[in-house]
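Here is the file protein.cif (mmCIF, C-alpha atoms).
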data_structure
#
loop_
_atom_site.label_atom_id
_atom_site.label_comp_id
_atom_site.auth_asym_id
_atom_site.auth_seq_id
_atom_site.Cartn_x
_atom_site.Cartn_y
_atom_site.Cartn_z
CA MET Q 1 110.59 161.95 187.62
CA ASP Q 2 107.88 160.11 185.68
CA ARG Q 3 108.66 162.10 182.54
CA ASP Q 4 112.34 161.13 182.84
CA LEU Q 5 111.39 157.47 182.93
CA ILE Q 6 109.06 157.86 179.95
CA MET Q 7 111.76 159.64 177.90
CA THR Q 8 114.22 156.90 178.86
CA ALA Q 9 111.79 154.18 177.69
CA LEU Q 10 111.05 156.09 174.48
CA PHE Q 11 114.69 156.36 173.54
CA ALA Q 12 115.22 152.70 174.41
CA ALA Q 13 112.39 151.91 171.98
CA LEU Q 14 113.99 154.26 169.42
CA ILE Q 15 117.34 152.42 169.73
CA ALA Q 16 115.51 149.13 169.16
CA ALA Q 17 113.41 150.44 166.27
CA LEU Q 18 116.45 151.94 164.51
CA GLY Q 19 118.14 148.55 164.60
CA LEU Q 20 115.08 146.73 163.28
CA ILE Q 21 114.12 149.04 160.41
CA PRO Q 22 115.62 147.24 157.44
CA SER Q 23 117.89 148.85 154.89
CA VAL Q 24 118.63 152.25 156.31
CA THR Q 25 121.60 153.16 154.15
CA LEU Q 26 124.16 155.66 155.34
CA ILE Q 27 126.82 155.20 152.69
CA SER Q 28 125.37 154.59 149.25
CA GLY Q 29 124.83 150.91 148.76
CA VAL Q 30 126.15 149.73 152.12
CA PRO Q 31 123.36 149.09 154.60
CA ILE Q 32 124.60 149.85 158.11
CA SER Q 33 122.58 149.30 161.23
CA ALA Q 34 121.45 152.65 162.57
CA GLN Q 35 121.30 151.18 166.06
CA SER Q 36 124.47 152.85 167.33
CA LEU Q 37 123.08 156.12 165.95
CA GLY Q 38 120.22 155.61 168.40
CA VAL Q 39 122.69 155.17 171.26
CA MET Q 40 124.52 158.38 170.31
CA LEU Q 41 121.20 160.24 170.08
CA ALA Q 42 120.08 158.95 173.48
CA GLY Q 43 123.19 160.47 175.05
CA VAL Q 44 123.20 163.69 173.05
CA VAL Q 45 119.48 164.40 173.46
CA LEU Q 46 118.76 163.05 176.96
CA GLY Q 47 122.04 163.83 178.70
CA ALA Q 48 124.42 161.56 180.61
CA ARG Q 49 122.22 159.90 183.24
CA ARG Q 50 119.01 159.40 181.24
CA GLY Q 51 120.95 158.46 178.08
CA ALA Q 52 122.89 155.77 179.92
CA MET Q 53 119.63 154.53 181.47
CA ALA Q 54 118.02 154.21 178.01
CA ALA Q 55 120.99 152.18 176.76
CA ALA Q 56 120.99 150.07 179.93
CA LEU Q 57 117.28 149.36 179.49
CA VAL Q 58 117.91 147.96 175.99
CA VAL Q 59 120.82 145.85 177.28
CA LEU Q 60 118.65 144.52 180.13
CA MET Q 61 115.79 143.64 177.78
CA VAL Q 62 118.17 141.86 175.40
CA ALA Q 63 119.38 139.79 178.36
CA LEU Q 64 115.77 138.97 179.28
CA GLY Q 65 115.36 137.45 175.82
CA LEU Q 66 113.87 140.14 173.58
CA PRO Q 67 115.00 140.42 169.95
CA LEU Q 68 115.85 144.12 170.10
CA LEU Q 69 119.27 144.08 168.40
CA ALA Q 70 119.89 144.71 164.71
CA GLY Q 71 118.55 141.84 162.63
CA GLY Q 72 116.29 140.68 165.46
CA ARG Q 73 119.09 139.25 167.60
CA GLY Q 74 118.89 139.00 171.37
CA GLY Q 75 118.95 136.65 174.34
CA ILE Q 76 121.66 135.60 176.78
CA GLY Q 77 123.70 134.14 173.90
CA VAL Q 78 124.70 137.65 172.78
CA PHE Q 79 126.57 138.03 176.07
CA ALA Q 80 128.70 134.98 175.28
CA GLY Q 81 129.43 136.16 171.73
CA PRO Q 82 132.28 138.31 170.37
CA THR Q 83 130.17 141.48 170.15
CA VAL Q 84 129.35 141.55 173.89
CA GLY Q 85 131.73 144.47 174.52
CA PHE Q 86 129.99 146.69 172.00
CA LEU Q 87 126.59 145.93 173.55
CA LEU Q 88 127.71 146.62 177.14
CA GLY Q 89 129.73 149.59 175.85
CA TRP Q 90 126.51 151.33 174.83
CA ILE Q 91 125.94 152.30 178.46
CA PRO Q 92 129.22 154.26 178.98
CA ALA Q 93 129.02 155.47 175.36
CA ALA Q 94 125.63 157.14 175.90
CA PHE Q 95 126.80 158.44 179.29
CA VAL Q 96 129.94 160.10 177.91
CA ALA Q 97 128.08 161.52 174.89
CA GLY Q 98 125.54 163.06 177.26
CA TRP Q 99 128.21 164.27 179.67
CA VAL Q 100 130.11 166.07 176.90
CA MET Q 101 126.85 167.58 175.61
CA GLU Q 102 126.01 168.88 179.10
CA ARG Q 103 129.46 170.47 179.44
CA ALA Q 104 129.91 171.92 175.91
CA ARG Q 105 127.14 174.52 176.17
CA ARG Q 106 129.26 177.25 174.59
CA LEU Q 107 129.54 175.37 171.30
CA PRO Q 108 126.73 175.37 168.71
CA VAL Q 109 124.56 172.24 168.93
CA LEU Q 110 125.84 170.77 165.64
CA ALA Q 111 129.49 170.94 166.72
CA ALA Q 112 128.84 169.91 170.32
CA GLY Q 113 126.59 167.03 169.26
CA THR Q 114 129.06 165.69 166.70
CA PHE Q 115 131.96 165.99 169.13
CA ALA Q 116 129.94 164.30 171.91
CA ALA Q 117 128.84 161.48 169.58
CA VAL Q 118 132.41 160.87 168.36
CA LEU Q 119 133.80 160.81 171.88
CA GLY Q 120 131.02 158.65 173.34
CA GLY Q 121 129.82 156.59 170.39
CA VAL Q 122 133.20 155.88 168.82
CA VAL Q 123 136.11 156.46 171.24
CA VAL Q 124 134.44 155.19 174.43
CA LEU Q 125 132.37 152.48 172.67
CA TYR Q 126 135.32 150.81 170.95
CA VAL Q 127 137.32 150.31 174.18
CA PRO Q 128 134.99 147.66 175.69
CA GLY Q 129 134.10 146.51 172.17
CA ILE Q 130 137.69 145.64 171.26
CA LEU Q 131 138.32 144.27 174.75
CA GLY Q 132 135.34 141.90 174.40
CA MET Q 133 136.44 140.66 170.98
CA ALA Q 134 139.99 140.11 172.22
CA LEU Q 135 138.73 138.08 175.20
CA VAL Q 136 136.15 135.94 173.37
CA LEU Q 137 138.30 135.25 170.29
CA ARG Q 138 141.55 135.08 172.34
CA LYS Q 139 143.40 137.61 170.24
CA SER Q 140 145.79 140.34 171.31
CA LEU Q 141 144.35 143.84 171.65
CA PRO Q 142 145.99 145.21 168.44
CA GLU Q 143 144.66 142.21 166.48
CA ALA Q 144 141.13 142.69 167.82
CA ALA Q 145 141.41 146.41 167.08
CA GLY Q 146 142.26 145.45 163.49
CA PHE Q 147 138.99 143.51 163.20
CA ALA Q 148 137.00 146.52 164.42
CA LEU Q 149 138.83 149.05 162.23
CA PRO Q 150 136.60 148.68 159.10
CA PHE Q 151 133.57 149.84 161.09
CA ILE Q 152 135.05 153.12 162.33
CA PRO Q 153 134.40 155.25 159.18
CA GLY Q 154 130.71 154.30 159.27
CA ASP Q 155 130.48 155.15 162.95
CA LEU Q 156 132.20 158.51 162.43
CA LEU Q 157 129.63 159.28 159.75
CA LYS Q 158 126.85 158.31 162.16
CA ALA Q 159 128.31 160.71 164.73
CA VAL Q 160 128.07 163.58 162.25
CA VAL Q 161 124.47 162.55 161.49
CA ALA Q 162 123.75 162.48 165.25
CA GLY Q 163 125.10 166.04 165.57
CA ALA Q 164 123.02 167.23 162.62
CA LEU Q 165 119.90 165.55 164.01
CA ALA Q 166 120.43 167.10 167.44
CA SER Q 167 120.76 170.51 165.84
CA ALA Q 168 117.58 170.00 163.77
CA LEU Q 169 115.66 168.69 166.82
CA ASN Q 170 116.75 171.72 168.80
CA LYS Q 171 115.35 174.02 166.12
CA ALA Q 172 112.11 172.06 165.64
CA ARG Q 173 111.21 171.74 169.33
CA ALA Q 174 112.46 174.26 171.83
CA GLY Q 175 113.71 172.44 174.92
CA ALA Q 176 113.85 169.06 173.17
CA LEU Q 177 117.50 168.67 174.15
CA LEU Q 178 117.17 167.70 177.81
CA SER Q 179 120.97 167.53 177.92
CA ARG Q 180 121.04 171.32 177.69
CA ALA Q 181 117.87 172.12 179.62
CA MET S 182 106.35 142.29 170.26
CA LEU S 183 107.57 138.75 169.92
CA SER S 184 110.08 137.37 172.37
CA LEU S 185 112.72 134.80 171.44
CA THR S 186 110.98 132.10 173.49
CA SER S 187 110.27 129.11 171.26
CA GLU S 188 106.67 128.04 170.82
CA ILE S 189 107.79 124.46 170.31
CA ARG S 190 107.40 122.84 173.75
CA THR S 191 110.54 121.20 175.09
CA PRO S 192 111.22 119.44 178.41
CA PHE S 193 113.28 122.53 179.39
CA HIS S 194 110.26 124.83 179.36
CA ALA S 195 109.15 123.26 182.65
CA VAL S 196 112.50 123.81 184.43
CA PRO S 197 112.54 126.94 186.67
CA ALA S 198 114.43 129.91 185.20
CA GLY S 199 116.81 130.14 188.17
CA ALA S 200 117.90 126.52 187.78
CA LYS S 201 118.53 126.97 184.07
CA LEU S 202 120.59 130.13 184.61
CA ALA S 203 122.65 128.44 187.33
CA ALA S 204 123.29 125.43 185.07
CA LEU S 205 124.26 127.77 182.24
CA ALA S 206 126.78 129.56 184.48
CA VAL S 207 128.37 126.28 185.66
CA LEU S 208 128.53 124.74 182.17
CA SER S 209 129.95 127.94 180.61
CA VAL S 210 132.75 128.09 183.19
CA ALA S 211 133.45 124.39 182.60
CA THR S 212 133.63 124.95 178.83
CA PHE S 213 136.01 127.86 179.30
CA SER S 214 138.39 125.69 181.32
CA ILE S 215 138.80 123.12 178.49
CA SER S 216 142.23 123.48 176.89
CA ALA S 217 142.45 120.48 174.51
CA PRO S 218 140.76 120.88 171.10
CA ALA S 219 139.54 117.25 171.08
CA LEU S 220 137.78 117.70 174.43
CA MET S 221 135.79 120.58 172.95
CA LEU S 222 133.69 117.95 171.15
CA LEU S 223 132.18 117.13 174.56
CA PRO S 224 130.27 120.41 175.11
CA LEU S 225 129.51 120.65 171.40
CA THR S 226 127.83 117.25 171.14
CA GLY S 227 126.25 117.71 174.57
CA THR S 228 124.64 121.00 173.51
CA ALA S 229 123.52 119.49 170.19
CA LEU S 230 121.89 116.59 172.07
CA LEU S 231 120.09 119.02 174.41
CA TYR S 232 118.67 120.83 171.38
CA LEU S 233 117.61 117.52 169.82
CA CYS S 234 115.59 116.75 172.99
CA GLY S 235 113.21 119.40 171.72
CA GLY S 236 112.84 117.71 168.35
CA LEU S 237 114.30 118.39 164.91
CA ARG S 238 112.26 121.52 164.27
CA PHE S 239 113.45 123.05 167.57
CA ALA S 240 117.07 122.14 166.80
CA ARG S 241 116.80 123.81 163.41
CA ALA S 242 115.45 126.99 165.05
CA GLY S 243 118.43 126.83 167.42
CA LEU S 244 120.82 126.57 164.49
CA ARG S 245 119.20 129.61 162.89
CA ALA S 246 119.82 131.64 166.05
CA LEU S 247 123.56 130.91 165.69
CA ARG S 248 123.79 132.50 162.26
CA PRO S 249 125.35 135.80 163.46
CA LEU S 250 128.37 133.77 164.61
CA TRP S 251 129.42 132.51 161.18
CA PRO S 252 131.52 135.58 160.22
CA PHE S 253 133.50 135.18 163.43
CA LEU S 254 133.94 131.43 162.92
CA ALA S 255 135.14 132.13 159.37
CA LEU S 256 137.53 134.76 160.75
CA LEU S 257 138.94 132.22 163.26
CA ALA S 258 139.28 129.57 160.53
CA ILE S 259 141.19 131.93 158.21
CA TRP S 260 143.33 133.36 161.00
CA HIS S 261 144.38 130.03 162.45
CA GLY S 262 144.59 128.40 159.03
CA LEU S 263 147.14 131.01 157.93
CA SER S 264 149.18 130.62 161.11
CA ARG S 265 148.97 126.78 160.85
CA ASP S 266 147.38 126.60 164.27
CA LEU S 267 144.05 125.02 163.38
CA GLY S 268 143.85 123.12 166.68
CA ASN S 269 143.61 126.34 168.66
CA GLY S 270 141.20 127.76 166.09
CA ALA S 271 138.91 124.76 166.52
CA LEU S 272 139.14 125.11 170.30
CA LEU S 273 138.14 128.80 170.22
CA GLY S 274 135.45 128.27 167.59
CA GLY S 275 133.98 125.31 169.44
CA ARG S 276 133.97 127.21 172.70
CA LEU S 277 132.24 130.19 171.12
CA LEU S 278 129.67 127.97 169.40
CA SER S 279 128.82 125.84 172.45
CA THR S 280 128.64 128.67 175.02
CA VAL S 281 126.45 130.86 172.79
CA ALA S 282 124.23 127.90 171.82
CA LEU S 283 123.79 126.92 175.48
CA ALA S 284 122.86 130.49 176.45
CA ASN S 285 120.43 130.69 173.52
CA LEU S 286 118.84 127.46 174.75
CA VAL S 287 117.97 129.13 178.07
CA THR S 288 116.45 132.12 176.26
CA MET S 289 114.50 129.89 173.87
CA THR S 290 112.93 127.83 176.65
CA THR S 291 112.16 130.52 179.26
CA ARG S 292 109.10 132.73 179.13
CA LEU S 293 109.58 136.51 179.35
CA GLU S 294 107.41 136.71 182.48
CA ASP S 295 109.68 134.22 184.24
CA MET S 296 112.78 136.18 183.25
CA ILE S 297 111.24 139.46 184.50
CA ALA S 298 110.23 137.78 187.79
CA MET S 299 113.81 136.49 188.10
CA MET S 300 115.18 139.98 187.43
CA SER S 301 112.91 141.55 190.07
CA ARG S 302 114.13 139.00 192.62
CA ILE S 303 117.78 139.72 191.78
CA LEU S 304 117.27 143.52 191.87
CA ALA S 305 115.18 143.57 195.07
CA PRO S 306 118.22 143.72 197.42
CA LEU S 307 119.43 146.80 195.51
CA ALA S 308 116.48 148.87 196.77
CA TRP S 309 118.77 150.83 199.10
CA LEU S 310 120.71 152.02 196.03
CA GLY S 311 117.54 153.58 194.64
CA VAL S 312 116.76 150.70 192.27
CA ARG S 313 112.98 150.26 192.10
CA PRO S 314 111.99 147.06 190.27
CA GLY S 315 108.41 148.29 189.81
CA ARG S 316 109.59 151.26 187.78
CA ILE S 317 111.97 149.09 185.74
CA ALA S 318 109.11 146.69 184.97
CA PHE S 319 106.95 149.67 183.93
CA ALA S 320 109.72 150.92 181.62
CA ILE S 321 110.09 147.44 180.08
CA GLY S 322 106.36 147.34 179.39
CA LEU S 323 106.55 150.77 177.79
CA VAL S 324 109.46 149.77 175.52
CA LEU S 325 107.58 146.59 174.53
CA ARG S 326 104.58 148.68 173.59
CA LEU S 327 106.49 151.49 171.87
CA THR S 328 109.05 149.56 169.80
CA PRO S 329 106.45 148.17 167.34
CA VAL S 330 104.81 151.61 167.16
CA LEU S 331 108.08 153.35 166.27
CA LEU S 332 109.04 150.51 163.93
CA ASP S 333 105.76 150.83 162.09
CA ARG S 334 106.13 154.59 161.86
CA GLY S 335 109.66 154.14 160.52
CA ARG S 336 108.36 151.81 157.82
CA GLN S 337 105.64 154.29 156.86
CA LEU S 338 108.17 157.11 156.71
CA SER S 339 110.45 155.09 154.44
CA MET S 340 107.52 154.17 152.19
CA SER S 341 106.51 157.80 151.79
CA TRP S 342 110.15 158.66 151.14
CA ARG S 343 110.21 156.07 148.37
CA ALA S 344 107.03 157.52 146.91
CA ARG S 345 108.49 161.02 146.83
CA ALA S 346 112.19 160.59 146.12
CA ARG S 347 113.86 159.19 143.08
CA ARG S 348 116.38 157.38 145.24
CA ARG S 349 114.79 154.12 146.26
CA ARG S 350 116.18 153.73 149.75
CA PRO S 351 115.75 156.29 152.49
CA GLY S 352 118.80 157.15 154.53
CA TRP S 353 119.10 159.05 157.74
CA GLN S 354 116.40 161.47 156.49
CA ILE S 355 113.63 159.44 158.16
CA VAL S 356 115.36 159.51 161.55
CA LEU S 357 114.52 163.18 162.21
CA PRO S 358 110.73 162.82 161.79
CA LEU S 359 110.94 159.58 163.78
CA CYS S 360 112.69 161.39 166.66
CA LEU S 361 110.24 164.28 166.53
CA SER S 362 107.26 161.94 166.67
CA ALA S 363 108.87 160.11 169.61
CA LEU S 364 109.33 163.40 171.48
CA ASP S 365 105.67 164.25 170.91
CA ASP S 366 104.66 160.77 172.09
CA ALA S 367 106.54 161.42 175.33
CA ASP S 368 104.30 164.40 176.08
CA HIS S 369 101.13 162.40 175.44
CA ILE S 370 102.28 159.42 177.48
CA ALA S 371 103.38 161.64 180.37
CA GLU S 372 99.92 163.21 180.46
CA ALA S 373 98.18 159.84 180.27
CA VAL S 374 100.35 158.42 183.05
CA ARG S 375 99.75 161.44 185.27
CA ALA S 376 96.00 161.11 184.71
CA ARG S 377 96.22 157.52 185.93
CA GLY S 378 98.05 158.42 189.14
CA GLY S 379 101.70 158.12 188.08
CA ILE S 380 104.15 155.24 187.81
CA PRO S 381 104.09 152.68 190.66
CA ASP S 382 107.35 152.03 192.56
#

Would you mind writing the structure in this file as structure tokens?
Amino acid sequence: MDRDLIMTALFAALIAALGLIPSVTLISGVPISAQSLGVMLAGVVLGARRGAMAAALVVLMVALGLPLLAGGRGGIGVFAGPTVGFLLGWIPAAFVAGWVMERARRLPVLAAGTFAAVLGGVVVLYVPGILGMALVLRKSLPEAAGFALPFIPGDLLKAVVAGALASALNKARAGALLSRA
Amino acid sequence: MLSLTSEIRTPFHAVPAGAKLAALAVLSVATFSISAPALMLLPLTGTALLYLCGGLRFARAGLRALRPLWPFLALLAIWHGLSRDLGNGALLGGRLLSTVALANLVTMTTRLEDMIAMMSRILAPLAWLGVRPGRIAFAIGLVLRLTPVLLDRGRQLSMSWRARARRRRPGWQIVLPLCLSALDDADHIAEAVRARGGIPD
């Protein structure tokens, strides 16, 4: 039980650190925040329940006023802004990524991890994300989806990276993937 | 780990966290119910005046915290400018600006300890659901301690990458060693916590 909580806190710290490390470039020249990569990893590595708890811990600490989001953002103001859906969406995103990872045991880790990260970190994440933008900016859902569209290729790339990292972690430390333990 | 609480003392620092959060909720709902663009000036100037109560330096810090909103304000301006509907654009932009600024004001004038105490009080009735505020507070402390550690390690990893590789910027390559080190940390922390009698409820 204690170890679960410690792993949850560690991945919450990892999500925060990945957002705060400057200039991690995924596509040459375009710096993208690696923060959502951390959310995908939390789900894929920790599994549904612990992954969602790690994401929820970050969301809670942002609400309490800690600058844990990319670029040092945070505070209650984030919850009144247009990106609120993406922040709250981290919780179901990590949960679904972990849930898929727990179910897809037959697949190799690389494939299962990538698939889980795409389903959780892109498909599930963008539903509340687009909903939040549509509500705050008072736009129709297709219009809000149009605003979010440019970010999808980067997130798909991050999902592949998450799968590759999960596979490498699995090889480096036996039993590191709690989602498959 | 720094919090977003401002070190510049304002009259609002003395107001209890609960009162500030309640006021924020009421004022946000009121702002959302405004439907005339001209009336939106009311919450905007009101919020600006509240910030100015803390002095010019505090107000400037408040303005800085609003920087992530500019792309969205620009988007609204272009969108509603093209559809010749600038009134509605101003209404939405003003609402976004004033509600976020007001919420930021609460964060900037409330100490982290007070927010955590507030959270524990709100979560206490959820004990029957298995929510244990003591464990949540422990996890928060751990994240506060570990984030700078991981951040520092990430910086070191990117510096050594720069020293080795011809490409100047590291990419996702540093994430794997960062994850591995975090997993090893978990083992050490779990041992240390067990040696101290486990996590309190």

Just how far from atom CA of Gly274 of chain S is atom CA of Ala211 of chain S, in Å to one decimal?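 Between atom CA of Ala211 of chain S and atom CA of Gly274 of chain S the gap is 15.6 Å.
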
Please return, as a list in words, all polymer residues that have at least one atom within 10 Å of the point (114.3, 130.4, 188.4); use only C-alpha atoms and the file's own coordinate frame.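 Taken together, the residues in range are Val196, Pro197, Ala198, Gly199, Ala200, Lys201, Leu202, Ala203, Thr291, Asp295, Met296, Ala298, Met299, Met300 and Arg302 of chain S.
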
Write down, as JSON, numbers by chain, each residue of chain Q that has any atom within 9 Å of an atom of chain S, counting all atoms listed in the file. {"Q": [2, 3, 5, 6, 7, 8, 9, 10, 11, 12, 13, 14, 15, 16, 17, 18, 20, 21, 22, 23, 24, 25, 26, 27, 28, 34, 57, 58, 61, 63, 64, 65, 66, 67, 68, 73, 74, 75, 76, 77, 78, 79, 80, 81, 82, 136, 137, 138, 158, 161, 165, 166, 168, 169, 172, 173, 176]}

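Rounded to one decimal, atom CA of Leu267 of chain S and atom CA of Arg245 of chain S lie 25.3 Å from each other.
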
Calculate how many Å separate atom CA of Ala144 of chain Q from atom CA of Ile130 of chain Q, rounding to one decimal.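 Going from atom CA of Ala144 of chain Q over to atom CA of Ile130 of chain Q covers 5.7 Å.
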
Do you know which residues the PyMOL selection byres ((chain S and resi 222) around 12) returns on this file, as a ChimeraX atom specification? /S:212,215-221,223-230,271-276,278-279

Return as number ranges by chain the set of residues that the PyMOL selection byres ((chain Q and resi 123) around 12) yields on the displayed structure. Q: 40, 86, 89-90, 92-94, 96-97, 115-122, 124-130, 149, 152, 155-156, 159

Give the answer as one residue: which of S:Leu233, S:Arg265, S:Ser301, S:Ile259 has the shortest atom-to-atom distance to Pro314 of chain S, using only C-alpha atoms?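 Looking at the shortest contact to Pro314 of chain S, the residue is S:Ser301.
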
Specify as a PDB file with C-alpha atoms, in the coordinates of the input each residue included when the PyMOL selection byres ((chain S and resi 192) around 9) is applied to this file.
ATOM      1  CA  ARG S 190     107.400 122.840 173.750  1.00  0.00           C
ATOM      2  CA  THR S 191     110.540 121.200 175.090  1.00  0.00           C
ATOM      3  CA  PHE S 193     113.280 122.530 179.390  1.00  0.00           C
ATOM      4  CA  HIS S 194     110.260 124.830 179.360  1.00  0.00           C
ATOM      5  CA  ALA S 195     109.150 123.260 182.650  1.00  0.00           C
ATOM      6  CA  VAL S 196     112.500 123.810 184.430  1.00  0.00           C
ATOM      7  CA  CYS S 234     115.590 116.750 172.990  1.00  0.00           C
ATOM      8  CA  GLY S 235     113.210 119.400 171.720  1.00  0.00           C
ATOM      9  CA  THR S 290     112.930 127.830 176.650  1.00  0.00           C
TER      10      THR S 290
END
